[in-house]
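K.L.:
This is target14.cif, which holds mmCIF, C-alpha atoms:
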data_target
#
loop_
_atom_site.label_atom_id
_atom_site.label_comp_id
_atom_site.auth_asym_id
_atom_site.auth_seq_id
_atom_site.Cartn_x
_atom_site.Cartn_y
_atom_site.Cartn_z
CA MET A 1 12.01 27.53 -14.22
CA ALA A 2 10.83 23.89 -13.87
CA GLY A 3 7.10 23.67 -13.33
CA GLU A 4 6.28 27.10 -14.78
CA ARG A 5 3.89 27.53 -17.70
CA LEU A 6 2.22 30.41 -19.44
CA ALA A 7 -0.61 31.93 -17.43
CA ASP A 8 -3.24 30.57 -19.79
CA GLY A 9 -1.95 26.97 -19.77
CA TRP A 10 -1.63 24.01 -17.44
CA ARG A 11 1.18 24.30 -14.88
CA VAL A 12 2.70 22.64 -11.82
CA ASP A 13 3.66 24.95 -8.97
CA GLU A 14 6.67 24.89 -6.65
CA ARG A 15 4.87 22.95 -3.89
CA CYS A 16 5.31 19.71 -5.88
CA THR A 17 7.05 17.02 -3.80
CA ASN A 18 7.90 14.76 -6.76
CA CYS A 19 5.58 12.00 -5.49
CA ASP A 20 5.02 10.72 -9.08
CA VAL A 21 1.20 10.56 -8.83
CA ALA A 22 0.57 13.18 -11.54
CA ARG A 23 2.99 11.44 -13.90
CA GLN A 24 1.21 8.12 -13.35
CA LEU A 25 -2.13 9.65 -14.31
CA ALA A 26 -0.98 11.89 -17.16
CA PRO A 27 1.99 10.16 -18.82
CA GLY A 28 3.37 12.10 -21.73
CA LEU A 29 1.66 15.26 -20.50
CA ILE A 30 3.43 15.59 -17.15
CA GLY A 31 7.05 14.58 -16.75
CA GLU A 32 9.94 15.10 -14.35
CA ALA A 33 12.56 17.87 -14.43
CA ASP A 34 14.94 18.97 -11.68
CA GLY A 35 13.28 16.73 -9.10
CA ARG A 36 9.76 18.01 -9.72
CA SER A 37 6.83 17.33 -11.99
CA VAL A 38 6.47 19.66 -14.96
CA VAL A 39 3.86 20.05 -17.71
CA LEU A 40 5.40 18.80 -20.94
CA ARG A 41 2.71 20.04 -23.28
CA GLU A 42 -0.91 21.14 -23.44
CA PRO A 43 -3.67 18.54 -24.04
CA ARG A 44 -4.63 17.99 -27.67
CA ASP A 45 -8.08 16.55 -27.10
CA ARG A 46 -10.72 15.88 -24.45
CA ALA A 47 -9.19 12.54 -23.43
CA GLU A 48 -5.85 14.18 -22.66
CA ALA A 49 -7.58 16.99 -20.76
CA LYS A 50 -9.30 14.35 -18.62
CA ARG A 51 -5.93 12.84 -17.75
CA LEU A 52 -4.64 16.21 -16.60
CA HIS A 53 -7.77 16.81 -14.53
CA ALA A 54 -7.28 13.41 -12.90
CA ALA A 55 -3.71 14.38 -12.02
CA ALA A 56 -4.90 17.67 -10.57
CA HIS A 57 -7.60 16.05 -8.41
CA ALA A 58 -5.17 13.42 -7.13
CA CYS A 59 -2.25 15.76 -6.33
CA HIS A 60 -1.79 15.92 -2.56
CA THR A 61 -0.30 19.43 -2.62
CA ARG A 62 -2.81 20.76 -5.16
CA SER A 63 0.15 21.74 -7.32
CA VAL A 64 -1.37 20.93 -10.72
CA HIS A 65 -3.36 23.87 -12.08
CA PRO A 66 -5.61 24.07 -15.16
CA PRO A 67 -5.86 27.12 -17.41
CA GLY A 68 -7.29 29.97 -15.38
CA GLY A 69 -5.96 28.41 -12.18
CA ARG A 70 -9.26 27.19 -10.73
CA LEU A 71 -9.88 23.45 -10.45
CA GLU A 72 -13.56 22.67 -10.92
CA GLU A 73 -15.32 19.73 -9.26
CA VAL A 74 -17.17 18.59 -12.38
CA PRO A 75 -14.18 16.95 -14.18
CA ASP A 76 -13.22 15.02 -11.01
CA PRO A 77 -13.01 11.37 -12.21
CA PHE A 78 -12.65 9.68 -8.83
CA PRO A 79 -13.25 6.98 -7.83
CA MET A 80 -11.67 5.91 -11.13
CA PRO A 81 -12.16 2.30 -12.32
CA LEU A 82 -8.89 0.47 -12.98
CA ASP A 83 -10.36 -2.94 -13.77
CA GLY A 84 -13.83 -3.25 -15.27
CA THR A 85 -16.98 -4.05 -13.34
CA ASP A 86 -17.18 -7.36 -15.25
CA ALA A 87 -13.83 -8.48 -13.80
CA PRO A 88 -13.88 -11.88 -12.02
CA GLY A 89 -14.85 -11.45 -8.39
CA GLY A 90 -15.27 -7.69 -8.35
CA ALA A 91 -13.64 -4.46 -9.45
CA VAL A 92 -10.94 -2.04 -8.31
CA TYR A 93 -11.09 1.75 -8.26
CA LEU A 94 -8.44 4.38 -7.58
CA CYS A 95 -9.60 6.78 -4.85
CA GLY A 96 -7.61 9.84 -5.97
CA HIS A 97 -7.56 12.87 -3.64
CA ASN A 98 -4.25 11.77 -2.16
CA SER A 99 -3.31 13.09 1.27
CA ARG A 100 -0.38 15.18 2.46
CA GLN A 101 -0.45 13.12 5.65
CA THR A 102 0.38 9.94 3.73
CA ALA A 103 3.05 11.60 1.54
CA GLY A 104 0.65 11.47 -1.40
CA ALA A 105 0.09 7.70 -1.33
CA ASN A 106 -2.46 6.11 -3.64
CA SER A 107 -5.45 4.34 -2.14
CA TYR A 108 -8.02 1.98 -3.60
CA LEU A 109 -11.56 0.67 -3.38
CA LEU A 110 -12.13 -3.05 -3.86
CA ARG A 111 -15.75 -3.93 -4.73
CA ARG A 112 -16.72 -7.47 -3.82
CA PRO A 113 -19.18 -9.80 -5.59
CA ASP A 114 -21.84 -9.20 -2.92
CA GLY A 115 -21.79 -5.44 -3.60
CA THR A 116 -19.82 -4.48 -0.50
CA VAL A 117 -16.58 -2.51 -0.71
CA MET A 118 -13.20 -2.52 1.02
CA MET A 119 -10.93 0.53 1.15
CA VAL A 120 -7.17 -0.15 0.96
CA ASP A 121 -5.21 2.71 2.57
CA THR A 122 -6.85 6.11 2.58
CA PRO A 123 -7.19 9.32 0.59
CA ARG A 124 -7.44 12.65 2.39
CA TRP A 125 -10.34 12.70 4.82
CA SER A 126 -13.51 14.45 3.78
CA PRO A 127 -17.14 13.57 4.63
CA SER A 128 -18.15 14.43 1.07
CA LEU A 129 -15.48 12.08 -0.32
CA ALA A 130 -16.66 9.32 2.02
CA ARG A 131 -20.19 9.73 0.69
CA ARG A 132 -18.89 9.61 -2.87
CA TYR A 133 -16.99 6.37 -2.24
CA GLU A 134 -20.00 4.80 -0.54
CA LYS A 135 -21.99 5.15 -3.75
CA LEU A 136 -20.10 2.08 -4.96
CA GLY A 137 -21.59 0.08 -2.06
CA PRO A 138 -21.41 -0.19 1.73
CA VAL A 139 -17.79 -0.11 2.90
CA THR A 140 -17.19 -2.92 5.40
CA ASP A 141 -13.43 -2.72 5.96
CA VAL A 142 -10.54 -0.25 5.81
CA LEU A 143 -7.29 -2.15 5.24
CA LEU A 144 -4.06 -0.37 6.16
CA THR A 145 -0.90 -1.66 4.51
CA HIS A 146 1.45 0.01 7.01
CA ARG A 147 2.00 2.94 9.35
CA ASP A 148 2.87 5.53 6.70
CA HIS A 149 -0.66 5.31 5.26
CA ALA A 150 -2.63 5.15 8.51
CA ALA A 151 -3.39 8.86 8.95
CA HIS A 152 -7.10 8.84 8.07
CA GLY A 153 -7.92 5.21 8.78
CA ARG A 154 -9.98 5.77 11.91
CA GLN A 155 -11.93 8.65 10.35
CA TYR A 156 -12.90 6.64 7.31
CA ALA A 157 -13.68 3.50 9.31
CA ASP A 158 -15.93 5.47 11.67
CA GLY A 159 -17.50 7.36 8.79
CA PHE A 160 -18.34 4.12 7.01
CA GLY A 161 -19.13 2.09 10.14
CA ALA A 162 -16.35 -0.24 8.96
CA ARG A 163 -13.65 -2.35 10.58
CA LEU A 164 -10.12 -0.92 10.63
CA TRP A 165 -7.25 -3.39 10.04
CA ILE A 166 -3.51 -3.07 10.71
CA HIS A 167 -0.62 -5.32 11.70
CA GLU A 168 0.66 -5.41 15.27
CA GLY A 169 4.08 -4.20 14.12
CA ASP A 170 2.57 -0.82 13.18
CA LEU A 171 -0.25 -0.77 15.74
CA ASP A 172 1.02 2.38 17.43
CA SER A 173 0.04 4.29 14.27
CA ALA A 174 -3.58 3.09 14.56
CA PRO A 175 -4.04 2.09 18.21
CA GLY A 176 -7.81 2.03 17.87
CA ALA A 177 -7.81 -0.59 15.10
CA ASP A 178 -10.67 -3.08 15.25
CA ARG A 179 -8.72 -6.00 13.80
CA VAL A 180 -5.02 -6.61 14.44
CA LEU A 181 -2.97 -8.97 12.27
CA ARG A 182 -0.19 -10.82 14.07
CA GLY A 183 2.90 -12.76 13.07
CA THR A 184 3.78 -13.57 9.47
CA ASP A 185 1.24 -16.25 8.54
CA PRO A 186 -1.36 -15.33 5.89
CA VAL A 187 -4.86 -14.64 7.18
CA GLU A 188 -8.07 -14.84 5.18
CA ILE A 189 -9.93 -11.73 6.30
CA ALA A 190 -12.93 -12.15 3.96
CA ASP A 191 -14.01 -14.52 1.24
CA GLY A 192 -11.30 -14.31 -1.41
CA VAL A 193 -9.25 -11.66 0.44
CA VAL A 194 -6.03 -12.71 2.21
CA ALA A 195 -3.65 -10.56 4.27
CA HIS A 196 0.04 -11.48 3.93
CA PRO A 197 2.21 -9.81 6.60
CA LEU A 198 5.37 -8.58 4.87
CA PRO A 199 7.75 -6.93 7.36
CA GLY A 200 10.51 -4.93 5.75
CA HIS A 201 9.50 -1.45 4.58
CA THR A 202 8.05 -1.12 8.09
CA GLU A 203 7.82 -3.72 10.82
CA GLY A 204 4.08 -4.08 10.26
CA SER A 205 3.83 -3.90 6.47
CA VAL A 206 1.10 -6.06 4.91
CA LEU A 207 0.06 -6.89 1.38
CA TYR A 208 -3.57 -7.72 0.66
CA LEU A 209 -4.34 -10.23 -2.07
CA ALA A 210 -7.84 -10.43 -3.56
CA ASP A 211 -9.11 -13.25 -5.78
CA ASP A 212 -5.56 -14.14 -6.88
CA ARG A 213 -5.94 -11.11 -9.15
CA TYR A 214 -5.32 -7.89 -7.21
CA CYS A 215 -2.25 -7.36 -5.03
CA PHE A 216 -2.25 -4.23 -2.85
CA THR A 217 1.37 -3.85 -1.79
CA GLY A 218 1.55 -0.58 0.13
CA ASP A 219 5.22 0.43 -0.14
CA SER A 220 6.67 -3.10 -0.10
CA PHE A 221 7.15 -3.24 -3.88
CA HIS A 222 5.93 -1.39 -6.95
CA TRP A 223 6.31 -1.08 -10.72
CA SER A 224 9.22 1.11 -11.77
CA ARG A 225 8.97 2.79 -15.16
CA THR A 226 12.72 3.45 -15.01
CA THR A 227 13.68 -0.23 -14.87
CA GLY A 228 10.54 -1.67 -16.47
CA ASP A 229 10.18 -4.17 -13.63
CA ILE A 230 8.94 -4.79 -10.10
CA GLU A 231 11.19 -3.05 -7.56
CA VAL A 232 11.51 -2.31 -3.85
CA PHE A 233 12.16 1.14 -2.38
CA ASP A 234 15.60 0.14 -1.14
CA THR A 235 16.52 3.79 -0.53
CA VAL A 236 13.39 4.33 1.59
CA THR A 237 13.15 1.27 3.83
CA TRP A 238 12.33 2.33 7.37
CA TYR A 239 12.64 -1.06 9.13
CA SER A 240 14.95 -3.56 7.40
CA VAL A 241 15.75 -4.39 3.80
CA GLU A 242 17.07 -7.75 5.00
CA GLU A 243 13.67 -8.49 6.56
CA LEU A 244 12.02 -7.37 3.34
CA ALA A 245 14.15 -9.84 1.38
CA ALA A 246 13.09 -12.64 3.74
CA SER A 247 9.45 -11.63 3.40
CA LEU A 248 9.62 -11.62 -0.40
CA GLU A 249 11.32 -15.02 -0.40
CA ARG A 250 8.49 -16.33 1.79
CA VAL A 251 5.65 -15.16 -0.46
CA ALA A 252 7.30 -15.62 -3.87
CA GLY A 253 5.92 -18.81 -5.36
CA ARG A 254 2.99 -18.81 -2.92
CA ILE A 255 0.95 -15.91 -4.28
CA ARG A 256 -0.41 -15.19 -7.75
CA PHE A 257 -1.83 -11.94 -9.04
CA GLU A 258 -2.33 -9.94 -12.22
CA TRP A 259 -2.63 -6.39 -10.88
CA LEU A 260 0.20 -4.78 -8.90
CA LEU A 261 -1.41 -1.92 -6.94
CA PRO A 262 1.08 -0.06 -4.71
CA GLY A 263 0.75 2.99 -2.49
CA HIS A 264 3.80 4.69 -4.01
CA GLY A 265 5.22 3.85 -7.39
CA ASP A 266 3.35 2.90 -10.53
CA ARG A 267 0.68 0.25 -11.11
CA ARG A 268 0.91 -2.61 -13.60
CA HIS A 269 -1.35 -5.29 -15.10
CA LEU A 270 0.39 -8.39 -16.47
CA PRO A 271 -0.43 -12.11 -16.82
CA ALA A 272 -0.20 -13.93 -13.49
CA GLY A 273 2.62 -16.19 -14.66
CA GLU A 274 4.77 -13.23 -15.67
CA MET A 275 4.06 -11.43 -12.40
CA ALA A 276 5.06 -14.56 -10.46
CA GLU A 277 8.37 -14.83 -12.30
CA ARG A 278 9.14 -11.13 -11.84
CA LEU A 279 8.35 -11.42 -8.12
CA ARG A 280 10.63 -14.44 -7.82
CA ARG A 281 13.49 -12.51 -9.43
CA LEU A 282 12.79 -9.51 -7.21
CA ALA A 283 13.15 -11.69 -4.11
CA VAL A 284 16.56 -12.84 -5.36
CA ARG A 285 17.72 -9.29 -6.15
CA THR A 286 16.50 -7.94 -2.82
CA GLY A 287 18.51 -10.63 -1.04
CA ASP A 288 21.66 -8.93 -2.33
CA LEU A 289 20.73 -5.54 -0.84
CA ARG A 290 21.87 -4.15 2.48
CA GLN A 291 20.28 -1.47 4.63
CA ARG A 292 21.29 2.04 3.57
CA PRO A 293 20.46 5.57 4.72
CA VAL A 294 17.08 6.88 3.61
CA ASP A 295 17.38 8.94 0.42
CA PHE A 296 14.17 9.99 -1.32
CA ARG A 297 16.12 11.53 -4.18
CA ALA A 298 17.46 8.13 -5.20
CA ILE A 299 14.03 6.59 -5.88
CA ARG A 300 13.78 5.15 -9.39
CA TRP A 301 10.21 5.97 -10.38
#
The structure in this file should be written as structure tokens.

P.N.:
Amino acid sequence: MAGERLADGWRVDERCTNCDVARQLAPGLIGEADGRSVVLREPRDRAEAKRLHAAAHACHTRSVHPPGGRLEEVPDPFPMPLDGTDAPGGAVYLCGHNSRQTAGANSYLLRRPDGTVMMVDTPRWSPSLARRYEKLGPVTDVLLTHRDHAAHGRQYADGFGARLWIHEGDLDSAPGADRVLRGTDPVEIADGVVAHPLPGHTEGSVLYLADDRYCFTGDSFHWSRTTGDIEVFDTVTWYSVEELAASLERVAGRIRFEWLLPGHGDRRHLPAGEMAERLRRLAVRTGDLRQRPVDFRAIRW
């Protein structure tokens, strides 16, 4: 049966929702079969074991199990650096510990040059996790990309003493937000950090651009390993794929970034010029799409 392994090996249980997070963190070790993640083989060295532990600590259903079945805290790698601490302007970390209440979405920590930190979307809520994230620096802002990822925003903002941001189009999902973005014009919310409202996936979707290097896209677009390109979730667009096409046309050519950091779908680091060209082509392709019924099974991870 898909997902089953010998009792003394790594395995993925039947609670897996096929969110792709484990496959992002342990490529070649965890793959997809019958609409579910499955262990492809056992780790051959310590580095591969670390990748599997990362997948296990990120999994929102706790479906990834190590030999013996018990997941220990010590190998927990999160927050995990994605771009080094010597990166221009700051550094980005993956939060891990994805939440069932956000359908297993990835979330991030953006460390600024002054030592402060911004959280983009949220992992599952836990006071101990909040304390762990704060070790990177005082968290000043929690930036929500859209309603689907808003579940723990208020808890983390209150825990950190931070400001909670969301767009007015999705305000009903975070009615206690401290800062509300409006309209479609870009807004500089901190030095080097700009919010670009991007209605489409939801009415209030936003991408956050930092230092013309990091682009946090929520579910507006992502890197697809299937196509080897930037893609939209055209089979899971809650508001309007036509609006999404208009939004992409508006920002294509205006924004530059090197790191594509989505909530769902894979991450990618490419030269800014290549990212800009891929985004331009995505805007053109999305313009040919029409709204269709939601179908999670049709996602091209």

K.L.:
Could you work out how far atom CA of Asp141 of chain A lies from atom CA of Leu171 of chain A, giving the answer in Å with one decimal?

P.N.:
16.5 Å

K.L.:
Using all atoms listed in the file, which of the listed residues (A:Asp20, A:Glu48, A:Asp178, A:Glu42) sits closest to Asp266 of chain A?

P.N.:
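Using all atoms listed in the file, Asp266 of chain A sits closest to A:Asp20.
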
K.L.:
Under the rule that only C-alpha atoms are counted, which of A:Met80, A:Met275, A:Ala151, A:Leu207 is the nearest residue to Tyr133 of chain A?

P.N.:
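Using only C-alpha atoms, Tyr133 of chain A sits closest to A:Met80.
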
K.L.:
Looking at only C-alpha atoms, which of A:Gly200, A:Gly253, A:Pro123, A:Gly218 is the one that sits closest to Thr237 of chain A?

P.N.:
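Ranked by minimum distance to Thr237 of chain A, first place goes to A:Gly200.
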
K.L.:
Give me the residues near segment 289-299 of chain A as a list of chain:residue names, where near means some atom within 10 Å (using all atoms listed in the file) and where sequence neighbours in that chain fewer than 2 positions away do not count.

P.N.:
A:Asn18, A:Cys19, A:Gly35, A:Ser224, A:Thr226, A:Val232, A:Phe233, A:Asp234, A:Thr235, A:Val236, A:Thr237, A:Trp238, A:Tyr239, A:Ser240, A:Val241, A:Glu242, A:Glu243, A:Leu244, A:Ala245, A:Gly265, A:Val284, A:Arg285, A:Thr286, A:Gly287, A:Trp301

K.L.:
Name the residues captured by the PyMOL selection byres ((chain A and resi 217) around 10) when it is applied to the shown file; answer as an MDAnalysis selection string.

P.N.:
chainID A and resid 120 145:146 196 198 205:209 214:216 218:222 260:264

K.L.:
What lies within 12 Å of Lys135 of chain A using all atoms listed in the file, ignoring chain neighbours under 2 positions off, as a list in words?

P.N.:
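Near Lys135 of chain A, the qualifying residues are Phe78, Pro79, Leu109, Arg111, Gly115, Thr116, Val117, Ser128, Leu129, Ala130, Arg131, Arg132, Tyr133, Gly137, Pro138, Val139 and Phe160 of chain A.
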
K.L.:
Got a sec: who's within 8 Å of Thr102 of chain A, counting only C-alpha atoms, leaving out chain neighbours fewer than 5 positions off, as a PyMOL selection string?

P.N.:
chain A and resi 148-151

K.L.:
Could you tell me how far atom CA of Leu52 of chain A lies from atom CA of Asp13 of chain A, in Å and to one decimal?

P.N.:
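Atom-to-atom, atom CA of Leu52 of chain A and atom CA of Asp13 of chain A are spaced 14.3 Å apart.
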
K.L.:
Which of these residues is nearest to Gly204 of chain A, using all atoms listed in the file: A:Thr227, A:Ser63, A:Ser247, A:Ser126?

P.N.:
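Looking at the shortest contact to Gly204 of chain A, the residue is A:Ser247.
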
K.L.:
Select, from A:Leu71, A:Leu248, A:Ala47, A:Ala58, the residue with the minimum atom-to-atom distance to Arg23 of chain A, counting only C-alpha atoms.

P.N.:
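Checking each of A:Leu71, A:Leu248, A:Ala47, A:Ala58 against Arg23 of chain A, counting only C-alpha atoms, the winner is A:Ala58.
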
K.L.:
If I take atom CA of Thr17 of chain A and atom CA of His269 of chain A, how far is one from the other in Å, to one decimal?

P.N.:
26.4 Å

K.L.:
Compile the contact shell of Ala54 of chain A as an MDAnalysis selection string: residues with an atom at most 7 Å away, counting all atoms listed in the file, same-chain residues fewer than 6 positions apart removed.

P.N.:
chainID A and resid 25 76:77

K.L.:
Quick one: which residues end up in the PyMOL selection byres ((chain A and resi 41) around 9) for this structure, as a PyMOL selection string?

P.N.:
chain A and resi 10+28-30+39-40+42-44

K.L.:
Write out the residues from the selection above, keeping C-alpha atoms, as a compact mmCIF listing (two decimals), keeping the file's coordinate frame.

P.N.:
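Output (again_18.txt):
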# COMPACT_ATOMS: atom_id res chain seq x y z
CA TRP A 10 -1.63 24.01 -17.44
CA GLY A 28 3.37 12.10 -21.73
CA LEU A 29 1.66 15.26 -20.50
CA ILE A 30 3.43 15.59 -17.15
CA VAL A 39 3.86 20.05 -17.71
CA LEU A 40 5.40 18.80 -20.94
CA GLU A 42 -0.91 21.14 -23.44
CA PRO A 43 -3.67 18.54 -24.04
CA ARG A 44 -4.63 17.99 -27.67

K.L.:
Edge lengths and centre, in Å to one decimal, as AutoDock Vina command-line options: that's what I need for the box along x, y and z that holds all listed atoms of segment 137-147 of chain A plus 4 Å on each side.

P.N.:
--center_x -9.8 --center_y 0.0 --center_z 3.6 --size_x 31.6 --size_y 13.9 --size_z 19.4

K.L.:
Of the candidates A:Met119, A:Ala190, A:Ala252, A:Ala283, which shows the shortest atom-to-atom distance to Val92 of chain A, using all atoms listed in the file?

P.N.:
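Looking only at the distances to Val92 of chain A, the closest residue turns out to be A:Met119.
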
K.L.:
Selected by the PyMOL selection byres ((chain A and resi 66) around 12) in the shown coordinates: which residues, as JSON, numbers by chain?

P.N.:
{"A": [5, 6, 7, 8, 9, 10, 11, 12, 13, 39, 42, 43, 49, 50, 51, 52, 53, 54, 55, 56, 57, 62, 63, 64, 65, 67, 68, 69, 70, 71, 72, 75]}

K.L.:
Residues within 6 Å of (-3.4, 5.1, -2.1), file coordinates, counting all atoms listed in the file: what are they? Give the list as a PyMOL selection string.

P.N.:
chain A and resi 105-108+121-122+263

K.L.:
Within 10 Å of Asp229 of chain A, counting all atoms listed in the file, which residues qualify if same-chain residues fewer than 4 places away don't, as a PyMOL selection string?

P.N.:
chain A and resi 222-225+268+275+278-279+281-282
